[in-house]
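Colleague: Handing you a structure now.
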Amino acid sequence: MSNALKSVLKQISERGLKAVRVVFVDQHGVTRGKTLTPDAFLSAAKTGVAMTSTLLLKDTSHATVFDVWGADSGFGAGVMTGASDFVIMPDAATFKILPWIEDTGWVLCDMQHKDGTPHRLSTRAILQKAIGNLNDAGMDFVAGLEVEFHVLEIVDDNLDHDTADWPEIPPTTRLINHGHQYLTENISDQQADIAALIAENAAALDLPIRSLETEFGPSQFEVTFAAMPALAAADTMVLFRNMVKQTCRRAGLHATFMCRPRFKNAMGSGWHLHQSVVDLKSGQNLFVPHKTTELTEIAGYWIAGLLAHAQSSCLLSTPTVNGYKRYQPFKLAPDRVAWGVDNRGAMLRALLNADDAASRIENRVGEPAANPYLYLATQIASGLDGITQRRKPPAAVENPYATNAPKLPTSLGDAIAAFGDSSFYRTALGAQFVEYFAQIKRAEWTRYLQAVSQWEEREYFSLF
């Protein structure tokens, strides 16, 4: 028994916990799992917990989009057919005691096949592999999270029997405050009780929040975190999103990490991923310029790698239909593949200075609904490719919305095509994973195209 597991069992006993949630992160970055008694958790820590394999084959509507009743569902004969099981194994190092629900622990699990091998569709394992490849090259990745989201007051839960639709009908909400007063103290004061709720629970979970700020849009927040290693950053994002949604719900609030909610003057929420590369032995930040703001060799290669694979990476950094409605010029969001020096309109914002040990590159492309393991894996794989291929970055842009740089995908459909056609990701992630993830997102895109929108009704219903 590992020391980490011994510590968990001791906490369960000393705190008199009555339940432990064992969860894994699915392909969309959503946690799924079971709640166990303490005795059952001890058994699960040794042998794992069975999970239905169709959980890995669902789109965002929770509909299974693979044929699991034939001899081969696309992963080899007999693999994940018949709604068979896979196994999740608790990672004792991730154990937390949830501060908002009495006597309950929480632990993140790794996915395995029934023979004990890592599951080929585990996105946490994909990130771990990417980190291992970077470590093999003598380097490590440091991430700083900057996440935007909305919190709204629930007016009606919409839980009457006739609202039991699929996908679910969301709650009816109202604003907490009006927007367009970025960082004003008075708006911050209106949000203070919610900010305190989030900050207190984050502190109880040891999540390293640095700031909790008023963002530009109505009822919009932004949180920044201290820099941390890649796997810790992804795990933190998973737990943070859960904590915000669950604690807000208990307070009669609806928190959403959806990029752009559908209410008047809603502003798109982004997930800006700050990143640097350090020497594995010395810990030295390899992005710190030798003088002024000039790129180091490693920083230049890294930027070039991120740019080279930006279009094909979008499906993993911006995986929803809604996220592409943020890529608009002059909205503090990128719309093309470019980098700039401290320029918030560019996809990559270089914050590099010879006097700053925290020199870093900020990628502004992601949405807060992204699977954290896949988003971070794209950065590491692309950046490392830039280093190994010694790619040279283009010149920095001053006007990112006027440059002739390639455009980012303008829709989820375009992003699916770019990802599916990427020979780079077929090598980096495996052809089977590329086909698998593209099929799931293609099902989501098809349902979107087939749905009749409010725009169509207003445009044509009376005219024709």
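We label chains A, B, ... in the order they appear in the structure tokens, count residues from 1 in each chain, and number ligands from 1 in the order shown.
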List the neighbours of Phe75 (chain A) out to 12 Å using only C-alpha atoms; skip same-chain residues closer than 6 positions along the sequence, and give me the result as a ChimeraX atom specification.
Modeller: /A:53,57,66-68,81,119-121,431-433,435-436
Colleague: Store the residues picked out above in a file with C-alpha atoms, as a compact mmCIF listing (two decimals), in the first residue's frame.
Modeller:
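For reference, result.txt as written:
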# COMPACT_ATOMS: atom_id res chain seq x y z
CA SER A 53 -17.71 1.63 -21.56
CA LEU A 57 -18.66 6.83 -26.58
CA PHE A 66 -20.90 4.31 -31.76
CA ASP A 67 -22.50 0.98 -32.59
CA VAL A 68 -21.73 -1.09 -29.50
CA THR A 81 -18.81 -3.88 -27.43
CA HIS A 119 -7.03 2.85 -21.37
CA ARG A 120 -6.33 4.02 -24.90
CA LEU A 121 -9.08 6.67 -24.68
CA ALA A 431 -4.85 7.50 -35.55
CA GLN A 432 -7.46 5.63 -33.53
CA PHE A 433 -7.89 8.46 -31.02
CA GLU A 435 -10.88 9.01 -35.55
CA TYR A 436 -12.64 8.41 -32.24
Colleague: Return as an MDAnalysis selection string the full set of residues in region 41-104 of chain A whose backbone-based DSSP assignment is alpha helix (DSSP H).
Modeller: chainID A and resid 41:47
Colleague: Just the selected residues (N, CA and C atoms), exported as a PDB file, in the first residue's frame, please.
Modeller:
ATOM      1  N   PHE A  41     -14.577   1.834  -0.660  1.00  0.00           N
ATOM      2  CA  PHE A  41     -13.446   2.569  -1.232  1.00  0.00           C
ATOM      3  C   PHE A  41     -12.140   1.813  -1.005  1.00  0.00           C
ATOM      4  N   LEU A  42     -11.983   1.217   0.153  1.00  0.00           N
ATOM      5  CA  LEU A  42     -10.766   0.445   0.422  1.00  0.00           C
ATOM      6  C   LEU A  42     -10.612  -0.667  -0.605  1.00  0.00           C
ATOM      7  N   SER A  43     -11.702  -1.340  -0.926  1.00  0.00           N
ATOM      8  CA  SER A  43     -11.657  -2.390  -1.941  1.00  0.00           C
ATOM      9  C   SER A  43     -11.364  -1.791  -3.320  1.00  0.00           C
ATOM     10  N   ALA A  44     -11.996  -0.638  -3.615  1.00  0.00           N
ATOM     11  CA  ALA A  44     -11.801   0.000  -4.919  1.00  0.00           C
ATOM     12  C   ALA A  44     -10.366   0.445  -5.110  1.00  0.00           C
ATOM     13  N   ALA A  45      -9.711   0.880  -4.036  1.00  0.00           N
ATOM     14  CA  ALA A  45      -8.331   1.330  -4.133  1.00  0.00           C
ATOM     15  C   ALA A  45      -7.390   0.197  -4.536  1.00  0.00           C
ATOM     16  N   LYS A  46      -7.815  -1.048  -4.285  1.00  0.00           N
ATOM     17  CA  LYS A  46      -6.982  -2.205  -4.609  1.00  0.00           C
ATOM     18  C   LYS A  46      -7.311  -2.787  -5.990  1.00  0.00           C
ATOM     19  N   THR A  47      -8.601  -2.841  -6.296  1.00  0.00           N
ATOM     20  CA  THR A  47      -9.007  -3.539  -7.524  1.00  0.00           C
ATOM     21  C   THR A  47      -9.688  -2.651  -8.545  1.00  0.00           C
TER      22      THR A  47
END
Colleague: Return as JSON lines the residues of region 239-337 of chain A lying at most 12 Å from region 146-162 of chain A, together with the closest atom-to-atom pair for each and the distance in Å to one decimal, counting only C-alpha atoms, with rows in chain order and ascending residue number.
Modeller:
{"residue": "A:Phe240", "atom": "CA", "partner": "A:Val147", "partner_atom": "CA", "distance": 10.1}
{"residue": "A:Arg241", "atom": "CA", "partner": "A:Phe149", "partner_atom": "CA", "distance": 9.5}
{"residue": "A:Val244", "atom": "CA", "partner": "A:Val151", "partner_atom": "CA", "distance": 9.1}
{"residue": "A:Lys245", "atom": "CA", "partner": "A:Val151", "partner_atom": "CA", "distance": 8.9}
{"residue": "A:Gln246", "atom": "CA", "partner": "A:Val151", "partner_atom": "CA", "distance": 11.8}
{"residue": "A:Thr247", "atom": "CA", "partner": "A:Val151", "partner_atom": "CA", "distance": 11.2}
{"residue": "A:Cys248", "atom": "CA", "partner": "A:Val151", "partner_atom": "CA", "distance": 7.8}
{"residue": "A:Arg249", "atom": "CA", "partner": "A:Ile154", "partner_atom": "CA", "distance": 8.5}
{"residue": "A:Arg250", "atom": "CA", "partner": "A:Ile154", "partner_atom": "CA", "distance": 10.7}
{"residue": "A:Ala251", "atom": "CA", "partner": "A:Glu153", "partner_atom": "CA", "distance": 9.0}
{"residue": "A:Gly252", "atom": "CA", "partner": "A:Ile154", "partner_atom": "CA", "distance": 5.8}
{"residue": "A:Leu253", "atom": "CA", "partner": "A:Glu153", "partner_atom": "CA", "distance": 4.6}
{"residue": "A:His254", "atom": "CA", "partner": "A:Leu152", "partner_atom": "CA", "distance": 5.1}
{"residue": "A:Ala255", "atom": "CA", "partner": "A:Val151", "partner_atom": "CA", "distance": 4.3}
{"residue": "A:Thr256", "atom": "CA", "partner": "A:His150", "partner_atom": "CA", "distance": 5.4}
{"residue": "A:Phe257", "atom": "CA", "partner": "A:Phe149", "partner_atom": "CA", "distance": 5.0}
{"residue": "A:Met258", "atom": "CA", "partner": "A:Phe149", "partner_atom": "CA", "distance": 7.4}
{"residue": "A:Cys259", "atom": "CA", "partner": "A:Phe149", "partner_atom": "CA", "distance": 7.6}
{"residue": "A:Arg260", "atom": "CA", "partner": "A:His150", "partner_atom": "CA", "distance": 9.1}
{"residue": "A:Pro261", "atom": "CA", "partner": "A:His150", "partner_atom": "CA", "distance": 8.3}
{"residue": "A:Arg262", "atom": "CA", "partner": "A:His150", "partner_atom": "CA", "distance": 11.5}
{"residue": "A:Phe263", "atom": "CA", "partner": "A:Leu152", "partner_atom": "CA", "distance": 11.1}
{"residue": "A:Ala266", "atom": "CA", "partner": "A:His150", "partner_atom": "CA", "distance": 9.3}
{"residue": "A:Met267", "atom": "CA", "partner": "A:His150", "partner_atom": "CA", "distance": 9.4}
{"residue": "A:Gly268", "atom": "CA", "partner": "A:Glu148", "partner_atom": "CA", "distance": 8.5}
{"residue": "A:Ser269", "atom": "CA", "partner": "A:Glu148", "partner_atom": "CA", "distance": 5.0}
{"residue": "A:Gly270", "atom": "CA", "partner": "A:Glu148", "partner_atom": "CA", "distance": 5.6}
{"residue": "A:Trp271", "atom": "CA", "partner": "A:Val147", "partner_atom": "CA", "distance": 4.7}
{"residue": "A:His272", "atom": "CA", "partner": "A:Glu146", "partner_atom": "CA", "distance": 5.1}
{"residue": "A:Leu273", "atom": "CA", "partner": "A:Glu146", "partner_atom": "CA", "distance": 6.3}
{"residue": "A:His274", "atom": "CA", "partner": "A:Glu146", "partner_atom": "CA", "distance": 7.6}
{"residue": "A:Gln275", "atom": "CA", "partner": "A:Glu146", "partner_atom": "CA", "distance": 11.0}
Colleague: Generate a file of the selected residues that holds N, CA and C atoms, formatted as a short mmCIF file (atom, residue, chain, number, x, y, z; two decimals), in the first residue's frame.
Modeller:
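Result file is out-v4.cif:
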data_model
loop_
_atom_site.label_atom_id
_atom_site.label_comp_id
_atom_site.auth_asym_id
_atom_site.auth_seq_id
_atom_site.Cartn_x
_atom_site.Cartn_y
_atom_site.Cartn_z
N PHE A 240 -11.87 22.67 -10.07
CA PHE A 240 -12.38 24.03 -9.95
C PHE A 240 -13.74 24.18 -10.63
N ARG A 241 -13.87 23.68 -11.85
CA ARG A 241 -15.16 23.79 -12.55
C ARG A 241 -16.26 23.08 -11.76
N VAL A 244 -17.14 25.20 -8.57
CA VAL A 244 -17.91 26.41 -8.87
C VAL A 244 -19.35 26.06 -9.20
N LYS A 245 -19.56 25.07 -10.06
CA LYS A 245 -20.92 24.71 -10.46
C LYS A 245 -21.73 24.17 -9.27
N GLN A 246 -21.11 23.32 -8.45
CA GLN A 246 -21.85 22.68 -7.37
C GLN A 246 -22.12 23.64 -6.21
N THR A 247 -21.14 24.45 -5.83
CA THR A 247 -21.37 25.39 -4.72
C THR A 247 -22.34 26.49 -5.14
N CYS A 248 -22.24 26.95 -6.36
CA CYS A 248 -23.19 27.98 -6.83
C CYS A 248 -24.61 27.41 -6.88
N ARG A 249 -24.76 26.18 -7.36
CA ARG A 249 -26.09 25.59 -7.43
C ARG A 249 -26.74 25.52 -6.05
N ARG A 250 -25.97 25.18 -5.05
CA ARG A 250 -26.50 25.10 -3.68
C ARG A 250 -26.91 26.47 -3.16
N ALA A 251 -26.37 27.53 -3.78
CA ALA A 251 -26.72 28.89 -3.36
C ALA A 251 -27.79 29.50 -4.26
N GLY A 252 -28.45 28.68 -5.09
CA GLY A 252 -29.49 29.18 -5.96
C GLY A 252 -28.96 29.90 -7.20
N LEU A 253 -27.74 29.55 -7.60
CA LEU A 253 -27.07 30.20 -8.72
C LEU A 253 -26.71 29.17 -9.78
N HIS A 254 -26.63 29.64 -11.01
CA HIS A 254 -26.21 28.78 -12.11
C HIS A 254 -24.89 29.29 -12.65
N ALA A 255 -23.83 28.51 -12.48
CA ALA A 255 -22.52 28.85 -13.03
C ALA A 255 -22.32 28.08 -14.33
N THR A 256 -21.84 28.76 -15.34
CA THR A 256 -21.61 28.09 -16.62
C THR A 256 -20.26 28.47 -17.20
N PHE A 257 -19.56 27.44 -17.70
CA PHE A 257 -18.30 27.63 -18.41
C PHE A 257 -18.52 27.55 -19.92
N MET A 258 -19.79 27.55 -20.34
CA MET A 258 -20.12 27.70 -21.74
C MET A 258 -19.51 29.01 -22.23
N CYS A 259 -18.96 29.01 -23.42
CA CYS A 259 -18.22 30.17 -23.89
C CYS A 259 -19.08 31.42 -23.97
N ARG A 260 -20.19 31.32 -24.69
CA ARG A 260 -21.01 32.53 -24.92
C ARG A 260 -22.49 32.23 -24.69
N PRO A 261 -22.99 32.48 -23.48
CA PRO A 261 -24.41 32.24 -23.19
C PRO A 261 -25.30 33.11 -24.07
N ARG A 262 -26.57 32.68 -24.24
CA ARG A 262 -27.50 33.40 -25.12
C ARG A 262 -28.36 34.37 -24.31
N PHE A 263 -27.75 35.50 -23.96
CA PHE A 263 -28.52 36.62 -23.45
C PHE A 263 -27.90 37.90 -23.99
N ALA A 266 -24.05 39.35 -24.00
CA ALA A 266 -23.15 38.40 -23.34
C ALA A 266 -21.79 38.45 -24.02
N MET A 267 -20.75 38.41 -23.22
CA MET A 267 -19.38 38.41 -23.75
C MET A 267 -18.84 36.99 -23.71
N GLY A 268 -18.07 36.62 -24.72
CA GLY A 268 -17.48 35.29 -24.75
C GLY A 268 -16.46 35.10 -23.65
N SER A 269 -16.48 33.93 -23.02
CA SER A 269 -15.49 33.58 -22.00
C SER A 269 -14.36 32.78 -22.64
N GLY A 270 -13.16 33.15 -22.30
CA GLY A 270 -11.99 32.44 -22.81
C GLY A 270 -11.26 31.72 -21.70
N TRP A 271 -10.40 30.80 -22.11
CA TRP A 271 -9.46 30.17 -21.18
C TRP A 271 -8.07 30.46 -21.72
N HIS A 272 -7.41 31.45 -21.13
CA HIS A 272 -6.08 31.84 -21.57
C HIS A 272 -5.06 31.00 -20.82
N LEU A 273 -4.25 30.29 -21.57
CA LEU A 273 -3.31 29.34 -20.98
C LEU A 273 -1.90 29.91 -21.04
N HIS A 274 -1.40 30.34 -19.87
CA HIS A 274 -0.03 30.85 -19.77
C HIS A 274 0.91 29.65 -19.64
N GLN A 275 2.04 29.72 -20.33
CA GLN A 275 2.91 28.55 -20.37
C GLN A 275 4.38 28.95 -20.52
#
Colleague: So that I can check the secondary structure, give me every residue of region 88-259 of chain A assigned strand (DSSP E) by backbone DSSP, as a PyMOL selection string.
Modeller: chain A and resi 88-90+96-97+104-112+139-156+172-174+209-214+220-225+228-229+253-256
Colleague: Using only C-alpha atoms, which protein or nucleic acid residues come within 7 Å of region 344-352 of chain A? Drop anything in the same chain fewer than 5 positions from it, and give the result as a list in words.
Modeller: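 My reading of the contact set: Val288, Pro289, Thr293, Leu332, Ala333, Pro334, Arg336, Val337, Ala338, Trp339, Ser359, Arg360, Ile361, Glu362, Asn363, Arg364, Val365 and Pro400 of chain A.
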Colleague: Go ahead and save the residues from that selection, with C-alpha atoms, as a compact mmCIF listing (two decimals), in the first residue's frame.
Modeller:
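Result file follows (result.txt):
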# COMPACT_ATOMS: atom_id res chain seq x y z
CA VAL A 288 13.53 34.26 -20.11
CA PRO A 289 15.28 36.46 -22.70
CA THR A 293 12.37 41.10 -24.94
CA LEU A 332 -10.01 40.70 -27.26
CA ALA A 333 -10.12 37.23 -28.82
CA PRO A 334 -8.00 35.90 -31.68
CA ARG A 336 -6.10 34.13 -36.87
CA VAL A 337 -2.85 32.28 -36.31
CA ALA A 338 -0.33 34.89 -35.17
CA TRP A 339 1.76 36.01 -32.23
CA SER A 359 8.45 35.13 -18.63
CA ARG A 360 5.82 33.17 -20.51
CA ILE A 361 3.62 32.81 -23.56
CA GLU A 362 -0.12 33.23 -23.21
CA ASN A 363 -2.28 31.27 -25.66
CA ARG A 364 -5.65 33.01 -25.90
CA VAL A 365 -7.30 30.47 -28.20
CA PRO A 400 -3.41 41.08 -35.31
Colleague: Neighbouring residues of region 122-136 of chain A were defined as those with any atom within 8 Å, considering only C-alpha atoms; residues of the same chain fewer than 3 positions away were excluded. Please report them as a PyMOL selection string.
Modeller: chain A and resi 25-27+110-111+118-119+139-141+230-231+280+373-374+376-377+380-381+384+429
Colleague: Determine, counting only C-alpha atoms, which protein, DNA and RNA residues have an atom within 8 Å of an atom of Leu36 (chain A); residues of the same chain fewer than 6 positions away are not included. Present the result as a list in words.
Modeller: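 Contacts, in chain order: Ala19, Val20, Arg21 and Val22 of chain A.
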Colleague: Kindly save the residues from that selection, with C-alpha atoms included, as a PDB file, in the first residue's frame.
Modeller:
ATOM      1  CA  ALA A  19     -18.806   8.561   1.478  1.00  0.00           C
ATOM      2  CA  VAL A  20     -16.114   8.930  -1.164  1.00  0.00           C
ATOM      3  CA  ARG A  21     -16.823  10.040  -4.707  1.00  0.00           C
ATOM      4  CA  VAL A  22     -14.604   8.177  -7.170  1.00  0.00           C
TER       5      VAL A  22
END
Colleague: I want to know what sits within 9 Å of Gly420 (chain A), based on only C-alpha atoms, with residues of the same chain fewer than 2 positions away left out; could you give that as a PDB file with N, CA and C atoms, in the first residue's frame?
Modeller:
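So the final result, stored in around_6.pdb, reads:
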ATOM      1  N   SER A 312      -5.250  22.740 -36.457  1.00  0.00           N
ATOM      2  CA  SER A 312      -5.643  21.363 -36.147  1.00  0.00           C
ATOM      3  C   SER A 312      -5.819  21.141 -34.653  1.00  0.00           C
ATOM      4  N   ALA A 415     -13.072  22.885 -37.699  1.00  0.00           N
ATOM      5  CA  ALA A 415     -12.083  22.371 -36.748  1.00  0.00           C
ATOM      6  C   ALA A 415     -12.003  20.853 -36.792  1.00  0.00           C
ATOM      7  N   ILE A 416     -13.149  20.184 -36.946  1.00  0.00           N
ATOM      8  CA  ILE A 416     -13.155  18.722 -37.066  1.00  0.00           C
ATOM      9  C   ILE A 416     -12.358  18.297 -38.288  1.00  0.00           C
ATOM     10  N   ALA A 417     -12.560  18.980 -39.409  1.00  0.00           N
ATOM     11  CA  ALA A 417     -11.842  18.641 -40.636  1.00  0.00           C
ATOM     12  C   ALA A 417     -10.344  18.836 -40.467  1.00  0.00           C
ATOM     13  N   ALA A 418      -9.933  19.951 -39.845  1.00  0.00           N
ATOM     14  CA  ALA A 418      -8.506  20.230 -39.661  1.00  0.00           C
ATOM     15  C   ALA A 418      -7.856  19.191 -38.749  1.00  0.00           C
ATOM     16  N   SER A 422      -5.062  15.958 -39.828  1.00  0.00           N
ATOM     17  CA  SER A 422      -3.731  16.278 -39.308  1.00  0.00           C
ATOM     18  C   SER A 422      -2.854  15.032 -39.183  1.00  0.00           C
ATOM     19  N   SER A 423      -1.841  14.948 -39.999  1.00  0.00           N
ATOM     20  CA  SER A 423      -0.879  13.848 -39.869  1.00  0.00           C
ATOM     21  C   SER A 423      -0.105  13.977 -38.560  1.00  0.00           C
ATOM     22  N   TYR A 425      -1.256  15.034 -35.564  1.00  0.00           N
ATOM     23  CA  TYR A 425      -1.998  14.466 -34.446  1.00  0.00           C
ATOM     24  C   TYR A 425      -2.232  12.971 -34.606  1.00  0.00           C
ATOM     25  N   ARG A 426      -2.244  12.491 -35.825  1.00  0.00           N
ATOM     26  CA  ARG A 426      -2.349  11.045 -36.008  1.00  0.00           C
ATOM     27  C   ARG A 426      -1.102  10.339 -35.471  1.00  0.00           C
ATOM     28  N   ALA A 431      -3.783   7.392 -34.558  1.00  0.00           N
ATOM     29  CA  ALA A 431      -4.853   7.504 -35.551  1.00  0.00           C
ATOM     30  C   ALA A 431      -6.200   7.094 -34.964  1.00  0.00           C
ATOM     31  N   VAL A 434      -7.686   9.960 -32.939  1.00  0.00           N
ATOM     32  CA  VAL A 434      -8.134  11.031 -33.832  1.00  0.00           C
ATOM     33  C   VAL A 434      -9.482  10.670 -34.447  1.00  0.00           C
ATOM     34  N   GLU A 435      -9.617   9.442 -34.949  1.00  0.00           N
ATOM     35  CA  GLU A 435     -10.878   9.011 -35.548  1.00  0.00           C
ATOM     36  C   GLU A 435     -11.994   8.975 -34.508  1.00  0.00           C
ATOM     37  N   PHE A 437     -12.278  10.713 -31.581  1.00  0.00           N
ATOM     38  CA  PHE A 437     -12.713  12.020 -31.113  1.00  0.00           C
ATOM     39  C   PHE A 437     -13.427  12.784 -32.223  1.00  0.00           C
ATOM     40  N   ALA A 438     -12.936  12.661 -33.451  1.00  0.00           N
ATOM     41  CA  ALA A 438     -13.601  13.330 -34.573  1.00  0.00           C
ATOM     42  C   ALA A 438     -15.017  12.799 -34.769  1.00  0.00           C
TER      43      ALA A 438
END
Colleague: Calculated over only C-alpha atoms, which of the candidates A:Asp421, A:Gly78, A:Lys264, A:Leu412 has the smallest distance to Arg447 (chain A)?
Modeller: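 Ranking A:Asp421, A:Gly78, A:Lys264, A:Leu412 by distance to Arg447 (chain A), first place goes to A:Leu412.
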Colleague: Looking at only C-alpha atoms, which of A:Gly179, A:Gln311, A:Thr104, A:Pro393 is the one that sits closest to Leu295 (chain A)?
Modeller: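 Going through A:Gly179, A:Gln311, A:Thr104, A:Pro393 one by one, the smallest distance to Leu295 (chain A) is for A:Pro393.
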